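**Student:** Sharing target_1.txt, compact mmCIF, C-alpha atoms:
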```
# COMPACT_ATOMS: atom_id res chain seq x y z
CA MET A 147 0.00 0.00 0.00
CA LYS A 148 2.90 2.34 0.89
CA ILE A 149 4.48 1.65 -2.49
CA LEU A 150 1.20 1.93 -4.38
CA LEU A 151 0.50 5.55 -3.39
CA PRO A 152 3.69 7.09 -4.87
CA VAL A 153 3.22 4.97 -8.00
CA LEU A 154 -0.34 6.28 -8.41
CA ALA A 155 0.84 9.85 -7.81
CA LEU A 156 3.54 9.47 -10.46
CA ALA A 157 1.04 7.96 -12.89
CA ALA A 158 -1.32 10.90 -12.28
CA LEU A 159 1.55 13.33 -12.92
CA GLY A 160 2.45 11.48 -16.06
CA LEU A 161 -1.11 11.65 -17.34
CA THR A 162 -1.36 15.36 -16.58
CA GLY A 163 1.87 15.88 -18.50
CA CYS A 164 0.42 14.20 -21.58
CA ALA A 165 -2.73 16.33 -21.58
CA THR A 166 -1.85 19.28 -23.79
CA SER A 167 -5.33 20.36 -24.72
CA VAL A 168 -6.11 23.88 -25.88
CA ASN A 169 -8.16 26.40 -23.91
CA THR A 170 -10.03 28.96 -26.01
CA VAL A 171 -11.86 32.25 -25.57
CA GLN A 172 -14.28 33.64 -28.11
CA ARG A 173 -17.16 36.07 -28.44
CA ALA A 174 -20.20 34.81 -26.54
CA ASN A 175 -22.57 35.81 -29.37
CA PRO A 176 -20.72 35.39 -32.68
CA GLN A 177 -21.43 38.10 -35.24
CA ALA A 178 -20.53 35.98 -38.26
CA THR A 179 -23.38 34.55 -40.30
CA PRO A 180 -21.89 31.55 -42.13
CA SER A 181 -23.73 29.83 -44.93
CA TYR A 182 -23.88 26.27 -43.62
CA VAL A 183 -23.94 23.25 -45.87
CA ALA A 184 -26.11 20.24 -45.03
CA ASP A 185 -23.56 17.43 -45.12
CA GLN A 186 -23.60 13.68 -45.52
CA ARG A 187 -20.93 11.73 -43.65
CA VAL A 188 -19.55 8.32 -44.52
CA ILE A 189 -17.58 6.69 -41.69
CA THR A 190 -15.28 3.82 -42.62
CA ASP A 191 -12.76 4.32 -39.80
CA THR A 192 -14.54 4.39 -36.45
CA THR A 193 -11.27 5.02 -34.59
CA LEU A 194 -10.73 8.17 -36.60
CA ALA A 195 -14.35 9.23 -36.05
CA ARG A 196 -13.80 8.95 -32.30
CA LYS A 197 -10.68 11.11 -32.49
CA LEU A 198 -11.86 13.74 -34.95
CA SER A 199 -15.29 15.26 -35.27
CA THR A 200 -16.72 17.56 -37.91
CA VAL A 201 -18.19 20.61 -36.20
CA SER A 202 -19.61 22.39 -39.25
CA VAL A 203 -19.34 22.83 -43.00
CA ASN A 204 -19.91 26.20 -44.63
CA GLU A 205 -19.47 27.64 -48.08
CA ALA A 206 -18.83 30.96 -49.79
CA LYS A 207 -18.10 32.30 -53.26
CA VAL A 208 -14.70 33.95 -53.67
CA SER A 209 -13.20 35.87 -56.56
CA GLY A 210 -16.67 36.20 -58.03
CA ASN A 211 -17.56 32.67 -59.04
CA LEU A 212 -15.29 30.20 -57.27
CA LEU A 213 -16.66 27.85 -54.61
CA LYS A 214 -14.91 27.89 -51.23
CA ILE A 215 -15.65 25.23 -48.66
CA GLN A 216 -14.60 25.44 -45.03
CA VAL A 217 -14.87 22.46 -42.70
CA THR A 218 -14.39 23.01 -38.99
CA LEU A 219 -12.81 20.03 -37.25
CA GLU A 220 -12.29 19.20 -33.58
CA ASN A 221 -9.64 16.93 -32.15
CA ARG A 222 -11.63 15.04 -29.53
CA SER A 223 -8.50 13.64 -27.95
CA THR A 224 -6.45 15.56 -25.38
CA LYS A 225 -3.28 14.59 -27.27
CA PRO A 226 -1.99 16.29 -30.43
CA GLN A 227 -3.03 14.39 -33.55
CA ALA A 228 -1.97 14.62 -37.19
CA PHE A 229 -4.39 13.99 -40.02
CA THR A 230 -4.28 14.21 -43.80
CA TYR A 231 -7.16 15.50 -45.89
CA LYS A 232 -8.07 16.08 -49.49
CA PHE A 233 -10.81 18.07 -51.19
CA ASP A 234 -12.30 16.73 -54.42
CA TRP A 235 -14.34 19.06 -56.62
CA ILE A 236 -17.28 18.00 -58.74
CA ALA A 237 -18.72 19.89 -61.71
CA ASP A 238 -22.42 20.46 -62.39
CA ASP A 239 -22.43 17.46 -64.74
CA GLY A 240 -21.13 15.19 -61.97
CA MET A 241 -17.60 14.92 -63.34
CA GLU A 242 -14.71 15.22 -60.92
CA LEU A 243 -12.45 18.16 -61.67
CA SER A 244 -8.69 17.95 -61.41
CA SER A 245 -6.21 20.63 -60.54
CA PRO A 246 -2.40 20.65 -60.25
CA ILE A 247 -2.71 21.81 -56.65
CA ASP A 248 -5.18 19.26 -55.37
CA GLY A 249 -3.81 16.35 -53.37
CA TRP A 250 -3.51 15.27 -49.77
CA LYS A 251 -2.56 17.94 -47.25
CA GLN A 252 -1.55 17.60 -43.63
CA ILE A 253 -3.08 19.18 -40.54
CA GLN A 254 -1.92 18.88 -36.95
CA LEU A 255 -4.38 19.60 -34.19
CA GLU A 256 -3.47 20.13 -30.57
CA GLY A 257 -5.53 18.36 -27.92
CA ARG A 258 -9.23 19.41 -28.14
CA GLU A 259 -8.31 22.05 -30.68
CA VAL A 260 -11.00 23.27 -33.07
CA ARG A 261 -9.68 24.46 -36.41
CA ALA A 262 -11.06 25.05 -39.87
CA ILE A 263 -9.61 23.63 -43.06
CA SER A 264 -10.66 25.18 -46.32
CA SER A 265 -10.15 24.95 -50.03
CA ILE A 266 -11.13 26.97 -53.08
CA ALA A 267 -12.13 25.27 -56.31
CA THR A 268 -9.98 26.74 -59.05
CA ASN A 269 -12.54 25.75 -61.67
CA PRO A 270 -15.72 27.89 -61.77
CA ARG A 271 -17.66 24.79 -62.87
CA ALA A 272 -17.30 23.23 -59.41
CA VAL A 273 -20.63 23.00 -57.59
CA ASP A 274 -20.06 20.11 -55.19
CA PHE A 275 -17.21 18.82 -53.06
CA ARG A 276 -16.01 15.76 -51.21
CA LEU A 277 -13.64 15.96 -48.24
CA LYS A 278 -11.59 12.89 -47.39
CA VAL A 279 -9.81 12.66 -44.04
CA ARG A 280 -7.44 9.99 -42.82
CA GLU A 281 -5.36 9.52 -39.72
CA ASN A 282 -1.59 9.73 -40.01
CA LYS A 283 0.00 6.42 -39.15
CA MET B 223 1.17 -35.17 -31.82
CA LYS B 224 -1.01 -34.38 -34.82
CA SER B 225 -2.04 -31.03 -33.37
CA THR B 226 1.61 -30.12 -32.67
CA ARG B 227 2.54 -30.90 -36.29
CA LEU B 228 -0.37 -28.75 -37.51
CA ALA B 229 0.70 -25.89 -35.26
CA ILE B 230 4.29 -26.09 -36.60
CA LEU B 231 3.01 -26.08 -40.18
CA ALA B 232 0.76 -23.08 -39.54
CA LEU B 233 3.63 -21.22 -37.87
CA ALA B 234 5.94 -21.98 -40.80
CA ALA B 235 3.31 -20.80 -43.29
CA ALA B 236 2.74 -17.57 -41.31
CA SER B 237 6.52 -16.95 -41.12
CA ALA B 238 6.88 -17.50 -44.88
CA ALA B 239 4.00 -15.10 -45.58
CA PHE B 240 5.52 -12.53 -43.25
CA LEU B 241 8.95 -12.83 -44.85
CA THR B 242 7.46 -12.60 -48.35
CA GLY B 243 5.58 -9.49 -47.31
CA CYS B 244 8.78 -7.91 -46.01
CA ALA B 245 10.70 -8.87 -49.11
CA THR B 246 8.32 -7.04 -51.42
CA GLN B 247 8.60 -3.80 -49.43
CA ASN B 248 11.97 -2.93 -50.92
CA ASN B 249 10.82 -3.37 -54.49
CA ALA B 250 10.05 -0.27 -56.53
CA LYS B 251 6.35 0.48 -56.84
CA TYR B 252 4.15 3.28 -58.07
CA VAL B 253 2.66 5.63 -55.48
CA ASP B 254 0.21 8.46 -55.96
CA ALA B 255 2.31 11.62 -56.49
CA LYS B 256 -0.41 13.60 -54.71
CA GLY B 257 -1.02 10.94 -52.06
CA PRO B 258 0.11 10.59 -48.45
CA ASN B 259 2.63 7.79 -49.13
CA THR B 260 5.38 9.85 -50.73
CA ILE B 261 8.82 10.23 -49.14
CA VAL B 262 9.34 13.00 -46.59
CA SER B 263 12.93 14.18 -46.47
CA LEU B 264 14.68 16.81 -44.40
CA ASN B 265 17.25 17.80 -47.00
CA SER B 266 15.04 18.81 -49.90
CA ILE B 267 11.74 20.35 -50.90
CA ASN B 268 9.50 17.37 -51.63
CA ILE B 269 6.70 17.23 -54.20
CA GLN B 270 4.09 17.50 -51.45
CA ASP B 271 5.80 20.69 -50.21
CA TRP B 272 5.55 22.34 -53.64
CA ASN B 273 1.95 21.20 -53.86
CA THR B 274 0.95 22.48 -50.42
CA ALA B 275 2.71 25.81 -50.94
CA ALA B 276 1.12 26.35 -54.36
CA ASP B 277 -2.33 25.40 -53.02
CA LYS B 278 -2.13 27.78 -50.05
CA LEU B 279 -0.73 30.66 -52.10
CA VAL B 280 -3.36 30.28 -54.84
CA ALA B 281 -6.12 30.15 -52.20
CA SER B 282 -4.73 33.32 -50.60
CA LEU B 283 -4.57 35.10 -53.96
CA LEU B 284 -8.09 34.09 -54.98
CA ALA B 285 -9.56 34.95 -51.57
CA SER B 286 -7.95 38.41 -51.71
CA GLY B 287 -10.22 39.35 -54.62
CA VAL B 288 -7.54 41.42 -56.39
CA LEU B 289 -7.79 39.52 -59.67
CA GLU B 290 -11.21 41.04 -60.42
CA ARG B 291 -9.70 44.54 -60.34
CA ALA B 292 -7.99 44.07 -63.73
CA PRO B 293 -9.68 46.16 -66.44
CA GLU B 294 -10.12 43.12 -68.66
CA LEU B 295 -10.36 39.44 -67.83
CA PRO B 296 -8.46 37.24 -68.25
CA ALA B 297 -5.62 39.54 -67.23
CA VAL B 298 -2.18 38.87 -68.71
CA MET B 299 0.47 37.84 -66.20
CA ALA B 300 4.21 37.46 -66.76
CA ILE B 301 6.43 35.36 -64.53
CA SER B 302 9.23 37.48 -63.15
CA ARG B 303 12.23 36.29 -61.19
CA ILE B 304 11.71 33.75 -58.40
CA ARG B 305 14.91 33.87 -56.36
CA ASN B 306 16.12 30.64 -54.86
CA ASN B 307 17.90 31.41 -51.59
CA THR B 308 17.82 27.81 -50.36
CA GLN B 309 20.77 25.42 -50.28
CA GLN B 310 18.98 23.23 -52.82
CA GLN B 311 19.25 23.48 -56.55
CA VAL B 312 15.57 23.62 -57.46
CA ASP B 313 13.58 24.53 -60.52
CA THR B 314 11.17 27.23 -59.40
CA ASP B 315 8.74 26.09 -62.10
CA SER B 316 7.84 23.36 -59.59
CA LEU B 317 5.96 26.15 -57.81
CA THR B 318 5.08 28.64 -60.53
CA LYS B 319 3.76 26.16 -63.08
CA LYS B 320 1.23 24.81 -60.59
CA ILE B 321 0.13 28.35 -59.75
CA ARG B 322 -0.10 29.28 -63.44
CA ILE B 323 -2.26 26.25 -64.27
CA ALA B 324 -4.54 26.84 -61.29
CA LEU B 325 -4.98 30.54 -62.12
CA ASN B 326 -5.55 29.69 -65.77
CA GLN B 327 -8.32 27.28 -64.71
CA THR B 328 -10.09 30.12 -62.90
CA GLY B 329 -10.40 32.00 -66.21
CA LYS B 330 -9.13 35.19 -64.57
CA VAL B 331 -5.47 35.07 -65.61
CA VAL B 332 -3.47 33.95 -68.64
CA THR B 333 0.31 33.79 -68.62
CA THR B 334 2.47 35.23 -71.37
CA THR B 335 5.23 32.89 -72.52
CA THR B 336 6.92 35.44 -74.78
CA MET B 337 8.17 37.75 -72.03
CA GLY B 338 10.51 36.91 -69.19
CA PRO B 339 13.05 38.42 -66.79
CA ASP B 340 16.30 39.65 -68.44
CA GLY B 341 14.83 39.00 -71.87
CA ARG B 342 14.75 35.23 -71.30
CA VAL B 343 11.47 34.14 -72.81
CA GLU B 344 9.87 30.79 -72.11
CA ASP B 345 8.74 30.23 -75.70
CA ALA B 346 11.35 31.81 -77.98
CA MET B 347 9.77 30.32 -81.09
CA ALA B 348 6.41 31.96 -80.37
CA ALA B 349 8.19 35.31 -79.84
CA ASP B 350 10.17 34.95 -83.09
CA ALA B 351 7.17 33.72 -85.09
CA GLY B 352 5.11 36.67 -83.84
CA ALA B 353 7.84 39.12 -84.88
CA MET B 354 8.28 37.39 -88.25
CA GLY B 355 4.52 37.37 -88.91
CA ALA B 356 4.25 41.07 -88.19
CA PHE B 357 7.30 41.79 -90.38
CA MET B 358 5.90 39.81 -93.33
CA ALA B 359 2.57 41.61 -93.01
CA GLY B 360 4.41 44.93 -92.92
CA GLN B 361 3.03 45.72 -89.52
CA LYS B 362 4.49 46.51 -86.14
CA GLN B 363 4.34 43.57 -83.80
CA VAL B 364 1.66 44.04 -81.19
CA THR B 365 2.71 42.07 -78.14
CA LYS B 366 0.15 41.89 -75.40
CA LEU B 367 1.82 43.52 -72.43
CA PRO B 368 1.30 41.93 -69.03
CA TYR B 369 -1.01 43.59 -66.54
CA TYR B 370 0.55 41.64 -63.66
CA THR B 371 3.95 40.17 -62.89
CA LEU B 372 4.54 37.40 -60.39
CA SER B 373 7.82 37.47 -58.47
CA GLY B 374 9.03 35.71 -55.37
CA LYS B 375 11.68 34.13 -53.26
CA LEU B 376 12.38 30.74 -51.66
CA LEU B 377 14.09 30.70 -48.27
CA GLU B 378 15.45 27.97 -46.06
CA ASP B 379 16.06 27.86 -42.32
CA ARG B 380 17.82 24.94 -40.64
CA VAL B 381 18.22 24.26 -36.93
CA SER B 382 18.94 21.16 -34.90
CA VAL B 383 18.88 20.04 -31.30
CA GLY B 384 20.89 16.88 -30.64
CA SER B 385 20.03 14.45 -33.40
CA THR B 386 16.68 16.13 -34.21
CA LYS B 387 16.83 18.35 -37.27
CA GLN B 388 14.31 20.95 -38.34
CA VAL B 389 14.05 22.63 -41.71
CA THR B 390 11.65 25.39 -42.70
CA TYR B 391 11.09 26.31 -46.32
CA THR B 392 9.48 29.70 -46.91
CA PHE B 393 7.70 30.42 -50.18
CA GLN B 394 7.11 34.14 -50.81
CA LEU B 395 5.22 35.56 -53.78
CA SER B 396 4.18 39.06 -54.89
CA LEU B 397 1.70 40.00 -57.61
CA THR B 398 2.62 43.42 -58.98
CA THR B 399 0.56 45.66 -61.24
CA VAL B 400 2.86 46.69 -64.12
CA LYS B 401 1.34 50.13 -64.67
CA ASP B 402 2.19 51.45 -61.20
CA GLY B 403 4.65 48.91 -59.83
CA LEU B 404 2.57 48.27 -56.73
CA ALA B 405 2.33 44.82 -55.17
CA LEU B 406 -1.44 44.23 -55.10
CA TRP B 407 -1.12 40.91 -53.32
CA GLU B 408 1.65 39.28 -51.31
CA GLY B 409 1.64 35.80 -49.91
CA GLU B 410 3.92 33.70 -47.75
CA GLU B 411 3.72 30.02 -46.92
CA LEU B 412 5.97 28.20 -44.46
CA ILE B 413 6.55 24.47 -44.42
CA THR B 414 8.42 23.01 -41.46
CA LYS B 415 9.68 19.45 -41.21
CA GLN B 416 11.27 17.92 -38.15
CA GLY B 417 12.89 14.56 -37.51
CA GLN B 418 16.06 12.53 -37.47
CA ARG B 419 15.89 10.93 -40.91
CA SER B 420 13.74 10.79 -44.00
CA SER B 421 10.64 8.61 -43.99
CA VAL B 422 8.12 7.06 -46.35
CA GLY B 423 4.58 8.36 -45.83
CA TRP B 424 3.34 11.19 -43.70
```
Before we go any further, please render this structure as structure tokens.
**Tutor:**
Amino acid sequence: MKILLPVLALAALGLTGCATSVNTVQRANPQATPSYVADQRVITDTTLARKLSTVSVNEAKVSGNLLKIQVTLENRSTKPQAFTYKFDWIADDGMELSSPIDGWKQIQLEGREVRAISSIATNPRAVDFRLKVRENK
Amino acid sequence: MKSTRLAILALAAASAAFLTGCATQNNAKYVDAKGPNTIVSLNSINIQDWNTAADKLVASLLASGVLERAPELPAVMAISRIRNNTQQQVDTDSLTKKIRIALNQTGKVVTTTTMGPDGRVEDAMAADAGAMGAFMAGQKQVTKLPYYTLSGKLLEDRVSVGSTKQVTYTFQLSLTTVKDGLALWEGEELITKQGQRSSVGW
């Protein structure tokens, strides 16, 4: 019992050391009025879904006629996590559009951090999108 | 006795499968150039670094809304000097070509290939043919002058602590309006990599 107490204390210290989650402060009543997108989610990796949640998806038009999508993600773990993501763009006729700058990108989120990832379709024909997210191994 | 023999056989089969699996790992294979299984190295700018930098810089330029200010669309852009201040010998087209294609896709910008810094044109034949055509027709050559120029710089910063190395590549770009020489848009993207050795996959 005498040995167990210091061991437990050390373990507690160790756990506290690992927890590097982010504290945030923001306006209580946000003034922004985002245009939210009703999204459909397909989960194939339940472990990833437990670690990373999608808070919201919103859209805007930039540079006149180009679709911009912003997806707000939250790291549900208290540990920093790295993920890779990729935006695909789809034209009004259902065809996927390619660009030299598309491809998988990396994002690192601190513990419980909420951050937005975004992308702009370089082709004005883009009307829909698909975001793919995977966990870094 | 029979069950022991079966267990040995199963173990041998599993070992063989494992070894075969390991053996194929060193063989050359195709990977997606835009995928997450490319090599990450600390001593060079990798393809995913060029891609990420170009993507972020194009997004910044498009979101700034400056491209709509040109009097006629698509506006003509010329590629000016992109200085390479890194220790690597790189072709800056790895960055600028991606940006040019992406901007061309937007329909807001076209790039001239018959004008370049220090008179070095990208397509000398097009420049000569244009001059020859105008000469044969007895006219003065009318070259479309650029409305914008794109210039930039690549920087590198290296630090290490013990055996852990860190390298930061900075990609800086400026879009200047030719008529007044003012930089309408400026963008900077930093990519930092840290580790002890190169690795496959992110």
**Student:** Closest to chain B among A:Ile189, A:Ile266, A:Ala272, A:Val201, using only C-alpha atoms?
**Tutor:**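 Among the listed residues, A:Ile266 lies closest to chain B.
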**Student:** To one decimal place in Å, what is the distance between atom CA of B:Ser382 and atom CA of B:Gln418?
**Tutor:**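 Pair atom CA of B:Ser382 / atom CA of B:Gln418 returns 9.5 Å.
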**Student:** Centre and edge lengths, as AutoDock Vina command-line options, for the axis-aligned box enclosing every listed atom of stretch 229-236 of chain A with 8 Å of padding on each of the six sides, in Å to one decimal?
**Tutor:**
```
--center_x -10.8 --center_y 16.5 --center_z -49.4 --size_x 29.0 --size_y 21.1 --size_z 34.7
```
**Student:** Neighbouring residues of B:Ala297 were defined as those with any atom within 6 Å, considering only C-alpha atoms; residues of the same chain fewer than 2 positions away were excluded. Please report them as a list in words.
**Tutor:**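 Everything that qualifies: Glu294, Leu295 and Val331 of chain B.
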**Student:** Quick one: write out the picked residues with C-alpha atoms as an mmCIF file, in the frame of the given file?
**Tutor:**
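Printed below is result-v7.cif as written:
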```
data_model
loop_
_atom_site.group_PDB
_atom_site.id
_atom_site.type_symbol
_atom_site.label_atom_id
_atom_site.label_comp_id
_atom_site.auth_asym_id
_atom_site.auth_seq_id
_atom_site.Cartn_x
_atom_site.Cartn_y
_atom_site.Cartn_z
ATOM 1 C CA GLU B 294 -10.120 43.120 -68.660
ATOM 2 C CA LEU B 295 -10.360 39.440 -67.830
ATOM 3 C CA VAL B 331 -5.470 35.070 -65.610
#
```
**Student:** Write out as JSON, numbers by chain the residues lying within 12 Å of stretch 374-378 of chain B, counting only C-alpha atoms and excluding same-chain residues fewer than 5 positions away.
**Tutor:** {"B": [264, 265, 266, 267, 272, 275, 279, 301, 302, 303, 304, 305, 306, 307, 308, 309, 310, 311, 312, 313, 314, 315, 316, 317, 318, 388, 389, 390, 391, 392, 393, 394, 395, 396, 397, 398, 405, 407, 408, 409, 410, 411, 412, 413, 414, 415]}
**Student:** Could you list the residues in chain B lying within 12 Å of chain A, using all atoms listed in the file, and format the result as a count of residues only?
**Tutor:** 53
**Student:** Calculated over only C-alpha atoms, which of the candidates B:Lys366, B:Tyr252, B:Ala356, B:Ala300 has the smallest distance to B:Val343?
**Tutor:**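 Of B:Lys366, B:Tyr252, B:Ala356, B:Ala300, the one nearest B:Val343 is B:Ala300, counting only C-alpha atoms.
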**Student:** What lies within 9 Å of B:Ala353 using all atoms listed in the file, ignoring chain neighbours under 2 positions off, as number ranges by chain?
**Tutor:** B: 348-351, 355-358, 362-365
**Student:** Considering only C-alpha atoms, state which residue in the set A:Thr190, A:Ser199, A:Gln172, A:Gln216 is at the smallest distance from A:Arg276.
**Tutor:** A:Gln216
**Student:** Just to confirm, what's the straight-line distance from atom CA of B:Met347 to atom CA of B:Val400 in Å (one decimal)?
**Tutor:**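 For atom CA of B:Met347 relative to atom CA of B:Val400, the distance reads 24.6 Å.
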**Student:** Report the distance between atom CA of A:Val279 and atom CA of A:Leu198 in Å, rounded to one decimal place.
**Tutor:** 9.4 Å
**Student:** Taking only C-alpha atoms into account, name the residue in A:Gly257, A:Ala262, A:Thr170, A:Leu243 that is nearest to A:Val217.
**Tutor:**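 Of A:Gly257, A:Ala262, A:Thr170, A:Leu243, the one nearest A:Val217, counting only C-alpha atoms, is A:Ala262.
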**Student:** Would you pick out the contacts of A:Val203 at 10 Å or less, using only C-alpha atoms, so that residues sharing its chain but fewer than 3 positions from it are not included, and give the list as a list in words?
**Tutor:**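 After dropping sequence-adjacent residues, the list is Pro180, Ser181, Tyr182, Val183, Ala184, Asp185, Thr200, Ile215, Gln216, Val217, Thr218, Leu219, Ala262, Ile263 and Ser264 of chain A.
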**Student:** So that I can see what lies close to A:Lys225, please list as a PyMOL selection string the residues with an atom at most 10 Å from it, counting all atoms listed in the file and leaving out residues fewer than 6 positions away in the same chain.
**Tutor:** chain A and resi 164-168+197+255-259
**Student:** Writing N, CA and C atoms and nothing else, produce stretch 254-280 of chain A as a PDB file, in the first residue's frame.
**Tutor:**
```pdb
ATOM      1  N   GLN A 254      -2.212  19.354 -38.298  1.00  0.00           N
ATOM      2  CA  GLN A 254      -1.917  18.875 -36.952  1.00  0.00           C
ATOM      3  C   GLN A 254      -2.771  19.664 -35.977  1.00  0.00           C
ATOM      4  N   LEU A 255      -3.503  18.943 -35.166  1.00  0.00           N
ATOM      5  CA  LEU A 255      -4.377  19.597 -34.191  1.00  0.00           C
ATOM      6  C   LEU A 255      -3.884  19.296 -32.784  1.00  0.00           C
ATOM      7  N   GLU A 256      -3.822  20.323 -31.986  1.00  0.00           N
ATOM      8  CA  GLU A 256      -3.471  20.132 -30.573  1.00  0.00           C
ATOM      9  C   GLU A 256      -4.669  19.476 -29.870  1.00  0.00           C
ATOM     10  N   GLY A 257      -4.457  19.026 -28.655  1.00  0.00           N
ATOM     11  CA  GLY A 257      -5.526  18.364 -27.916  1.00  0.00           C
ATOM     12  C   GLY A 257      -6.767  19.253 -27.786  1.00  0.00           C
ATOM     13  N   ARG A 258      -7.906  18.729 -28.177  1.00  0.00           N
ATOM     14  CA  ARG A 258      -9.226  19.407 -28.138  1.00  0.00           C
ATOM     15  C   ARG A 258      -9.267  20.686 -28.970  1.00  0.00           C
ATOM     16  N   GLU A 259      -8.316  20.828 -29.863  1.00  0.00           N
ATOM     17  CA  GLU A 259      -8.309  22.045 -30.679  1.00  0.00           C
ATOM     18  C   GLU A 259      -9.395  21.989 -31.752  1.00  0.00           C
ATOM     19  N   VAL A 260     -10.018  23.132 -31.991  1.00  0.00           N
ATOM     20  CA  VAL A 260     -10.998  23.273 -33.073  1.00  0.00           C
ATOM     21  C   VAL A 260     -10.349  24.155 -34.132  1.00  0.00           C
ATOM     22  N   ARG A 261     -10.286  23.664 -35.343  1.00  0.00           N
ATOM     23  CA  ARG A 261      -9.677  24.457 -36.413  1.00  0.00           C
ATOM     24  C   ARG A 261     -10.380  24.175 -37.734  1.00  0.00           C
ATOM     25  N   ALA A 262     -10.400  25.198 -38.577  1.00  0.00           N
ATOM     26  CA  ALA A 262     -11.058  25.049 -39.875  1.00  0.00           C
ATOM     27  C   ALA A 262     -10.037  24.751 -40.954  1.00  0.00           C
ATOM     28  N   ILE A 263     -10.398  23.845 -41.849  1.00  0.00           N
ATOM     29  CA  ILE A 263      -9.608  23.632 -43.057  1.00  0.00           C
ATOM     30  C   ILE A 263     -10.480  24.100 -44.219  1.00  0.00           C
ATOM     31  N   SER A 264      -9.851  24.669 -45.218  1.00  0.00           N
ATOM     32  CA  SER A 264     -10.662  25.182 -46.320  1.00  0.00           C
ATOM     33  C   SER A 264      -9.951  24.962 -47.640  1.00  0.00           C
ATOM     34  N   SER A 265     -10.720  25.063 -48.694  1.00  0.00           N
ATOM     35  CA  SER A 265     -10.148  24.946 -50.028  1.00  0.00           C
ATOM     36  C   SER A 265     -11.024  25.727 -51.001  1.00  0.00           C
ATOM     37  N   ILE A 266     -10.399  26.226 -52.044  1.00  0.00           N
ATOM     38  CA  ILE A 266     -11.125  26.966 -53.078  1.00  0.00           C
ATOM     39  C   ILE A 266     -11.019  26.180 -54.384  1.00  0.00           C
ATOM     40  N   ALA A 267     -12.144  25.952 -55.017  1.00  0.00           N
ATOM     41  CA  ALA A 267     -12.134  25.269 -56.313  1.00  0.00           C
ATOM     42  C   ALA A 267     -11.581  26.242 -57.349  1.00  0.00           C
ATOM     43  N   THR A 268     -10.548  25.826 -58.057  1.00  0.00           N
ATOM     44  CA  THR A 268      -9.979  26.739 -59.052  1.00  0.00           C
ATOM     45  C   THR A 268     -10.789  26.742 -60.342  1.00  0.00           C
ATOM     46  N   ASN A 269     -11.705  25.807 -60.472  1.00  0.00           N
ATOM     47  CA  ASN A 269     -12.541  25.749 -61.670  1.00  0.00           C
ATOM     48  C   ASN A 269     -13.926  26.299 -61.345  1.00  0.00           C
ATOM     49  N   PRO A 270     -14.400  27.313 -62.079  1.00  0.00           N
ATOM     50  CA  PRO A 270     -15.716  27.890 -61.769  1.00  0.00           C
ATOM     51  C   PRO A 270     -16.874  26.924 -61.977  1.00  0.00           C
ATOM     52  N   ARG A 271     -16.599  25.777 -62.648  1.00  0.00           N
ATOM     53  CA  ARG A 271     -17.664  24.795 -62.874  1.00  0.00           C
ATOM     54  C   ARG A 271     -17.959  23.955 -61.629  1.00  0.00           C
ATOM     55  N   ALA A 272     -17.110  24.047 -60.610  1.00  0.00           N
ATOM     56  CA  ALA A 272     -17.295  23.227 -59.408  1.00  0.00           C
ATOM     57  C   ALA A 272     -18.539  23.666 -58.644  1.00  0.00           C
ATOM     58  N   VAL A 273     -19.403  22.694 -58.366  1.00  0.00           N
ATOM     59  CA  VAL A 273     -20.626  22.997 -57.594  1.00  0.00           C
ATOM     60  C   VAL A 273     -20.702  22.137 -56.329  1.00  0.00           C
ATOM     61  N   ASP A 274     -20.033  20.998 -56.344  1.00  0.00           N
ATOM     62  CA  ASP A 274     -20.060  20.105 -55.186  1.00  0.00           C
ATOM     63  C   ASP A 274     -18.638  19.752 -54.763  1.00  0.00           C
ATOM     64  N   PHE A 275     -18.531  19.177 -53.585  1.00  0.00           N
ATOM     65  CA  PHE A 275     -17.209  18.821 -53.064  1.00  0.00           C
ATOM     66  C   PHE A 275     -17.300  17.505 -52.310  1.00  0.00           C
ATOM     67  N   ARG A 276     -16.124  16.933 -52.065  1.00  0.00           N
ATOM     68  CA  ARG A 276     -16.013  15.757 -51.210  1.00  0.00           C
ATOM     69  C   ARG A 276     -14.735  15.926 -50.406  1.00  0.00           C
ATOM     70  N   LEU A 277     -14.835  15.862 -49.099  1.00  0.00           N
ATOM     71  CA  LEU A 277     -13.643  15.965 -48.243  1.00  0.00           C
ATOM     72  C   LEU A 277     -13.305  14.579 -47.720  1.00  0.00           C
ATOM     73  N   LYS A 278     -12.062  14.182 -47.912  1.00  0.00           N
ATOM     74  CA  LYS A 278     -11.594  12.895 -47.386  1.00  0.00           C
ATOM     75  C   LYS A 278     -10.607  13.184 -46.263  1.00  0.00           C
ATOM     76  N   VAL A 279     -10.735  12.470 -45.168  1.00  0.00           N
ATOM     77  CA  VAL A 279      -9.810  12.664 -44.040  1.00  0.00           C
ATOM     78  C   VAL A 279      -9.299  11.302 -43.609  1.00  0.00           C
ATOM     79  N   ARG A 280      -8.014  11.230 -43.356  1.00  0.00           N
ATOM     80  CA  ARG A 280      -7.444   9.994 -42.822  1.00  0.00           C
ATOM     81  C   ARG A 280      -6.456  10.328 -41.713  1.00  0.00           C
TER      82      ARG A 280
END
```
